[in-house]
Amino acid sequence: ALLGGKLMETYIGILIPFIGTALGSACVLFMRGAMNAKVQKSLAGFAAGVMVAASVWSLIIPAIDKASHMGKWSFVPAVVGVWLGVLFLLLLDHVIPHLHINSSEQEGPKTNLKKTTTMVLAVALHNIPEGMAIGVVYAGLVSGDASITAMGALALSIGIAIQNFPEGAIISLPLRAEGMSRKRACLYGVLSGIVEPIGAIITLQFTGLIVPALPYLLCFAAGAMLYVVVEELIPEAVEGEHSHIGTIMFSLGFSIMMVLDVALG
C-alpha cells in the first residue's frame with residue numbers, strides 16, 4: 001500500500017508541470033494581439049528565477065548532502081553532474097533544429113522545417129531537462145531514498161509548473177502572432193510541454209540504475225536547467241530597451257521557488 005501511494009504521488013507529480021504548460025498555452029484562447037514586450041521579459045525573468053532556485057535547492061544541495069560520505073570531496077558529483085548536463089544540452093543544441101523566440105536565425109542542422117515547428121522544438125528542447133529532473137527526483141522517492149521526501153519532490157513539481165505557465169504563453173502567443181489559429185497555437189504550446197512527462201516516465205524506468213548515481217544525476221538535471229536559463233531565458237528577459245522588470249521578476253521567481261522548497265521539503 002505504501003508503494004502504491006508513492007506511485008500515485010509520482011504520477012501526479014509528473015503531470016503537474018505539464019498542466020502548468022497547458023494552462024499557459026491556453027492564454028492564447030483569451031488574449032488578443034501579440035504579447036507585450038515587458039510582459040514577455042517579466043515571464044522569462046520569472047521562469048529563469050524559478051529554474052535557478054530549483055537547480056540549487058531541489059537538485060544541487062540534496063546531491064552534495066547525499067555525497068557527504070565523501071567528506072571534503074562531496075562536491076565532486078555536483079561538479080561532474082552539472083558539467084555533464086551542460087554538455088548534454090550543448091549537444092542537443094547542435095543536433096536539433098530550433099528557432100528561439102524573437103530570433104530570425106535557426107540553430108542546429110539546416111532544415112526546411114516551418115518557422116512555427118522550429119519555435120516549438122526550441123521550447124521542447126529546454127523542457128527535456130525539466131522532465132529529467134522530475135524523473136530523477138521521483139525515482140529517488142519511489143526507491144525509498146531518505147534524502148528525498150514526498151513534499152520536497154512535490155515542491156519541485158509545483159515550482160516547475162509555475163515557471164511552465166509563462167513558458168506556455170511565451171510559445172502559444174507568438175505562434176498566434178505568426179498567423180496560426182488560436183486553437184492550433186494552443187495545441188502546439190501544449191505539445192511543446194509533452195516532452196516533460198515523457199522524459200520523466202522514461203527516466204523512472206531506470207530507477208534501479210539511477211539510485212546509485214543519484215548525486216550525479218540530480219546535478220546533471222541542474223546543469224541542463226542552468227544551461228537553458230543562461231542560453232535562453234536571461235537573454236529574453238533583458239533584450240531590447242533597457243528595463244529592470246526582468247531582473248525584478250527573476251528575483252521574485254527565485255524567492256518563490258526557494259520558499260516552496262524549504263517550506264515543503
# chains A, B, ... in the order shown; residues from 1 in each chain; ligands from 1
call {"tool": "residues_around", "arguments": {"residues": "Ala185 of chain A", "least_positions_apart": "3", "cutoff": "7 Å", "atoms": "only C-alpha atoms", "output": "MDAnalysis selection string"}}
result
chainID A and resid 172 175:176 180:182 188:189
call {"tool": "write_last_selection", "arguments": {"atoms": "N, CA and C atoms", "output": "PDB file, in the first residue's frame"}}
result
ATOM      1  N   SER A 172       2.736  29.949 -27.260  1.00  0.00           N
ATOM      2  CA  SER A 172       1.472  29.969 -27.999  1.00  0.00           C
ATOM      3  C   SER A 172       1.123  31.344 -28.555  1.00  0.00           C
ATOM      4  N   LEU A 175       3.028  32.211 -31.752  1.00  0.00           N
ATOM      5  CA  LEU A 175       2.518  31.390 -32.856  1.00  0.00           C
ATOM      6  C   LEU A 175       1.234  31.989 -33.410  1.00  0.00           C
ATOM      7  N   ARG A 176       0.400  32.503 -32.521  1.00  0.00           N
ATOM      8  CA  ARG A 176      -0.828  33.188 -32.946  1.00  0.00           C
ATOM      9  C   ARG A 176      -0.467  34.434 -33.745  1.00  0.00           C
ATOM     10  N   MET A 180      -1.197  31.708 -36.980  1.00  0.00           N
ATOM     11  CA  MET A 180      -1.814  30.431 -36.660  1.00  0.00           C
ATOM     12  C   MET A 180      -3.130  30.658 -35.916  1.00  0.00           C
ATOM     13  N   SER A 181      -4.085  29.748 -36.085  1.00  0.00           N
ATOM     14  CA  SER A 181      -5.366  29.872 -35.377  1.00  0.00           C
ATOM     15  C   SER A 181      -5.141  29.724 -33.877  1.00  0.00           C
ATOM     16  N   ARG A 182      -6.074  30.254 -33.088  1.00  0.00           N
ATOM     17  CA  ARG A 182      -5.933  30.204 -31.634  1.00  0.00           C
ATOM     18  C   ARG A 182      -5.849  28.759 -31.125  1.00  0.00           C
ATOM     19  N   TYR A 188      -0.099  23.540 -30.127  1.00  0.00           N
ATOM     20  CA  TYR A 188       1.355  23.495 -30.291  1.00  0.00           C
ATOM     21  C   TYR A 188       2.055  23.809 -28.967  1.00  0.00           C
ATOM     22  N   GLY A 189       1.493  24.770 -28.225  1.00  0.00           N
ATOM     23  CA  GLY A 189       2.069  25.097 -26.924  1.00  0.00           C
ATOM     24  C   GLY A 189       2.000  23.916 -25.974  1.00  0.00           C
TER      25      GLY A 189
END
call {"tool": "residues_around", "arguments": {"residues": "segment 219-236 of chain A", "least_positions_apart": "4", "cutoff": "8 Å", "atoms": "only C-alpha atoms", "output": "PyMOL selection string"}}
result
chain A and resi 40-41+44-45+47-48+51-52+54-56+59-60+63+77-89+100+126+129-130+132-133+215+246
call {"tool": "select_by_dssp", "arguments": {"residues": "segment 72-179 of chain A", "states": "alpha helix (DSSP H)", "output": "ChimeraX atom specification"}}
result
/A:76-95,115-142,150-177
call {"tool": "write_last_selection", "arguments": {"atoms": "C-alpha atoms", "output": "PDB file, in the first residue's frame"}}
result
ATOM      1  CA  VAL A  76      32.739  16.065  -6.965  1.00  0.00           C
ATOM      2  CA  PRO A  77      29.370  14.506  -8.008  1.00  0.00           C
ATOM      3  CA  ALA A  78      27.863  18.009  -8.172  1.00  0.00           C
ATOM      4  CA  VAL A  79      30.614  19.429 -10.388  1.00  0.00           C
ATOM      5  CA  VAL A  80      30.726  16.376 -12.661  1.00  0.00           C
ATOM      6  CA  GLY A  81      26.921  16.200 -12.903  1.00  0.00           C
ATOM      7  CA  VAL A  82      26.481  19.901 -13.680  1.00  0.00           C
ATOM      8  CA  TRP A  83      29.084  19.768 -16.454  1.00  0.00           C
ATOM      9  CA  LEU A  84      27.559  16.630 -17.977  1.00  0.00           C
ATOM     10  CA  GLY A  85      24.181  18.384 -18.018  1.00  0.00           C
ATOM     11  CA  VAL A  86      25.620  21.484 -19.672  1.00  0.00           C
ATOM     12  CA  LEU A  87      27.445  19.433 -22.316  1.00  0.00           C
ATOM     13  CA  PHE A  88      24.321  17.335 -22.973  1.00  0.00           C
ATOM     14  CA  LEU A  89      22.213  20.432 -23.694  1.00  0.00           C
ATOM     15  CA  LEU A  90      25.035  21.870 -25.794  1.00  0.00           C
ATOM     16  CA  LEU A  91      24.968  18.671 -27.853  1.00  0.00           C
ATOM     17  CA  LEU A  92      21.180  18.833 -28.272  1.00  0.00           C
ATOM     18  CA  ASP A  93      21.521  22.473 -29.343  1.00  0.00           C
ATOM     19  CA  HIS A  94      23.754  21.320 -32.201  1.00  0.00           C
ATOM     20  CA  VAL A  95      21.746  18.287 -33.356  1.00  0.00           C
ATOM     21  CA  LYS A 115       9.276  28.508 -38.552  1.00  0.00           C
ATOM     22  CA  THR A 116       6.452  27.532 -36.207  1.00  0.00           C
ATOM     23  CA  THR A 117       7.785  23.964 -35.934  1.00  0.00           C
ATOM     24  CA  THR A 118      11.311  25.118 -35.093  1.00  0.00           C
ATOM     25  CA  MET A 119       9.924  27.525 -32.459  1.00  0.00           C
ATOM     26  CA  VAL A 120       8.075  24.637 -30.782  1.00  0.00           C
ATOM     27  CA  LEU A 121      11.229  22.490 -30.961  1.00  0.00           C
ATOM     28  CA  ALA A 122      13.169  25.249 -29.155  1.00  0.00           C
ATOM     29  CA  VAL A 123      10.767  25.155 -26.203  1.00  0.00           C
ATOM     30  CA  ALA A 124      10.566  21.351 -26.253  1.00  0.00           C
ATOM     31  CA  LEU A 125      14.375  21.259 -26.179  1.00  0.00           C
ATOM     32  CA  HIS A 126      14.608  23.094 -22.888  1.00  0.00           C
ATOM     33  CA  ASN A 127      11.708  21.148 -21.394  1.00  0.00           C
ATOM     34  CA  ILE A 128      13.797  17.965 -21.620  1.00  0.00           C
ATOM     35  CA  PRO A 129      15.990  18.684 -18.555  1.00  0.00           C
ATOM     36  CA  GLU A 130      12.933  19.656 -16.513  1.00  0.00           C
ATOM     37  CA  GLY A 131      11.312  16.306 -17.292  1.00  0.00           C
ATOM     38  CA  MET A 132      14.541  14.534 -16.381  1.00  0.00           C
ATOM     39  CA  ALA A 133      14.783  16.465 -13.110  1.00  0.00           C
ATOM     40  CA  ILE A 134      11.263  15.379 -12.138  1.00  0.00           C
ATOM     41  CA  GLY A 135      12.007  11.784 -13.167  1.00  0.00           C
ATOM     42  CA  VAL A 136      15.262  11.612 -11.196  1.00  0.00           C
ATOM     43  CA  VAL A 137      13.729  13.077  -8.015  1.00  0.00           C
ATOM     44  CA  TYR A 138      10.694  10.794  -8.123  1.00  0.00           C
ATOM     45  CA  ALA A 139      12.892   7.782  -8.901  1.00  0.00           C
ATOM     46  CA  GLY A 140      14.687   8.539  -5.641  1.00  0.00           C
ATOM     47  CA  LEU A 141      11.360   8.891  -3.823  1.00  0.00           C
ATOM     48  CA  VAL A 142       9.962   5.578  -5.153  1.00  0.00           C
ATOM     49  CA  ALA A 150       7.341  13.438  -1.000  1.00  0.00           C
ATOM     50  CA  MET A 151       6.829  17.122  -0.147  1.00  0.00           C
ATOM     51  CA  GLY A 152      10.284  18.025  -1.477  1.00  0.00           C
ATOM     52  CA  ALA A 153       9.531  16.271  -4.773  1.00  0.00           C
ATOM     53  CA  LEU A 154       6.131  17.975  -4.899  1.00  0.00           C
ATOM     54  CA  ALA A 155       7.801  21.355  -4.339  1.00  0.00           C
ATOM     55  CA  LEU A 156       9.966  20.770  -7.423  1.00  0.00           C
ATOM     56  CA  SER A 157       6.901  19.777  -9.482  1.00  0.00           C
ATOM     57  CA  ILE A 158       4.941  22.854  -8.376  1.00  0.00           C
ATOM     58  CA  GLY A 159       7.918  25.141  -8.959  1.00  0.00           C
ATOM     59  CA  ILE A 160       8.449  23.851 -12.496  1.00  0.00           C
ATOM     60  CA  ALA A 161       4.692  24.098 -13.163  1.00  0.00           C
ATOM     61  CA  ILE A 162       4.753  27.749 -12.046  1.00  0.00           C
ATOM     62  CA  GLN A 163       7.555  28.560 -14.475  1.00  0.00           C
ATOM     63  CA  ASN A 164       5.910  26.437 -17.204  1.00  0.00           C
ATOM     64  CA  PHE A 165       2.799  28.630 -17.143  1.00  0.00           C
ATOM     65  CA  PRO A 166       4.583  31.670 -18.630  1.00  0.00           C
ATOM     66  CA  GLU A 167       6.556  29.368 -20.944  1.00  0.00           C
ATOM     67  CA  GLY A 168       3.305  28.009 -22.387  1.00  0.00           C
ATOM     68  CA  ALA A 169       2.124  31.569 -23.049  1.00  0.00           C
ATOM     69  CA  ILE A 170       5.514  32.555 -24.483  1.00  0.00           C
ATOM     70  CA  ILE A 171       5.211  29.852 -27.154  1.00  0.00           C
ATOM     71  CA  SER A 172       1.472  29.969 -27.999  1.00  0.00           C
ATOM     72  CA  LEU A 173       1.043  33.750 -28.267  1.00  0.00           C
ATOM     73  CA  PRO A 174       3.896  34.293 -30.789  1.00  0.00           C
ATOM     74  CA  LEU A 175       2.518  31.390 -32.856  1.00  0.00           C
ATOM     75  CA  ARG A 176      -0.828  33.188 -32.946  1.00  0.00           C
ATOM     76  CA  ALA A 177       1.001  36.376 -33.969  1.00  0.00           C
TER      77      ALA A 177
END
call {"tool": "residues_around", "arguments": {"residues": "Val50 of chain A", "least_positions_apart": "3", "cutoff": "6 Å", "atoms": "only C-alpha atoms", "output": "list in words"}}
result
Ala47, Ala53, Gly253, Phe254 and Met257 of chain A
call {"tool": "residues_around", "arguments": {"residues": "Ile201 of chain A", "least_positions_apart": "4", "cutoff": "8 Å", "atoms": "only C-alpha atoms", "output": "list of chain:residue names"}}
result
A:Ile14, A:Gly135, A:Pro197, A:Gln205
call {"tool": "write_last_selection", "arguments": {"atoms": "C-alpha atoms", "output": "PDB file, in the first residue's frame"}}
result
ATOM      1  CA  ILE A  14       4.925  14.117 -13.157  1.00  0.00           C
ATOM      2  CA  GLY A 135      12.007  11.784 -13.167  1.00  0.00           C
ATOM      3  CA  PRO A 197       6.109  13.819 -18.610  1.00  0.00           C
ATOM      4  CA  GLN A 205      12.126   3.179 -15.933  1.00  0.00           C
TER       5      GLN A 205
END
call {"tool": "closest_residue", "arguments": {"among": "A:Gly24, A:Pro97, A:Pro62, A:Gly71", "to": "Leu187 of chain A", "atoms": "only C-alpha atoms"}}
result
A:Gly24
call {"tool": "residues_around", "arguments": {"residues": "Leu15 of chain A", "least_positions_apart": "3", "cutoff": "9 Å", "atoms": "only C-alpha atoms", "output": "list in words"}}
result
Thr10, Tyr11, Ile12, Phe18, Ile19, Gly20, Ser157, Glu196 and Pro197 of chain A
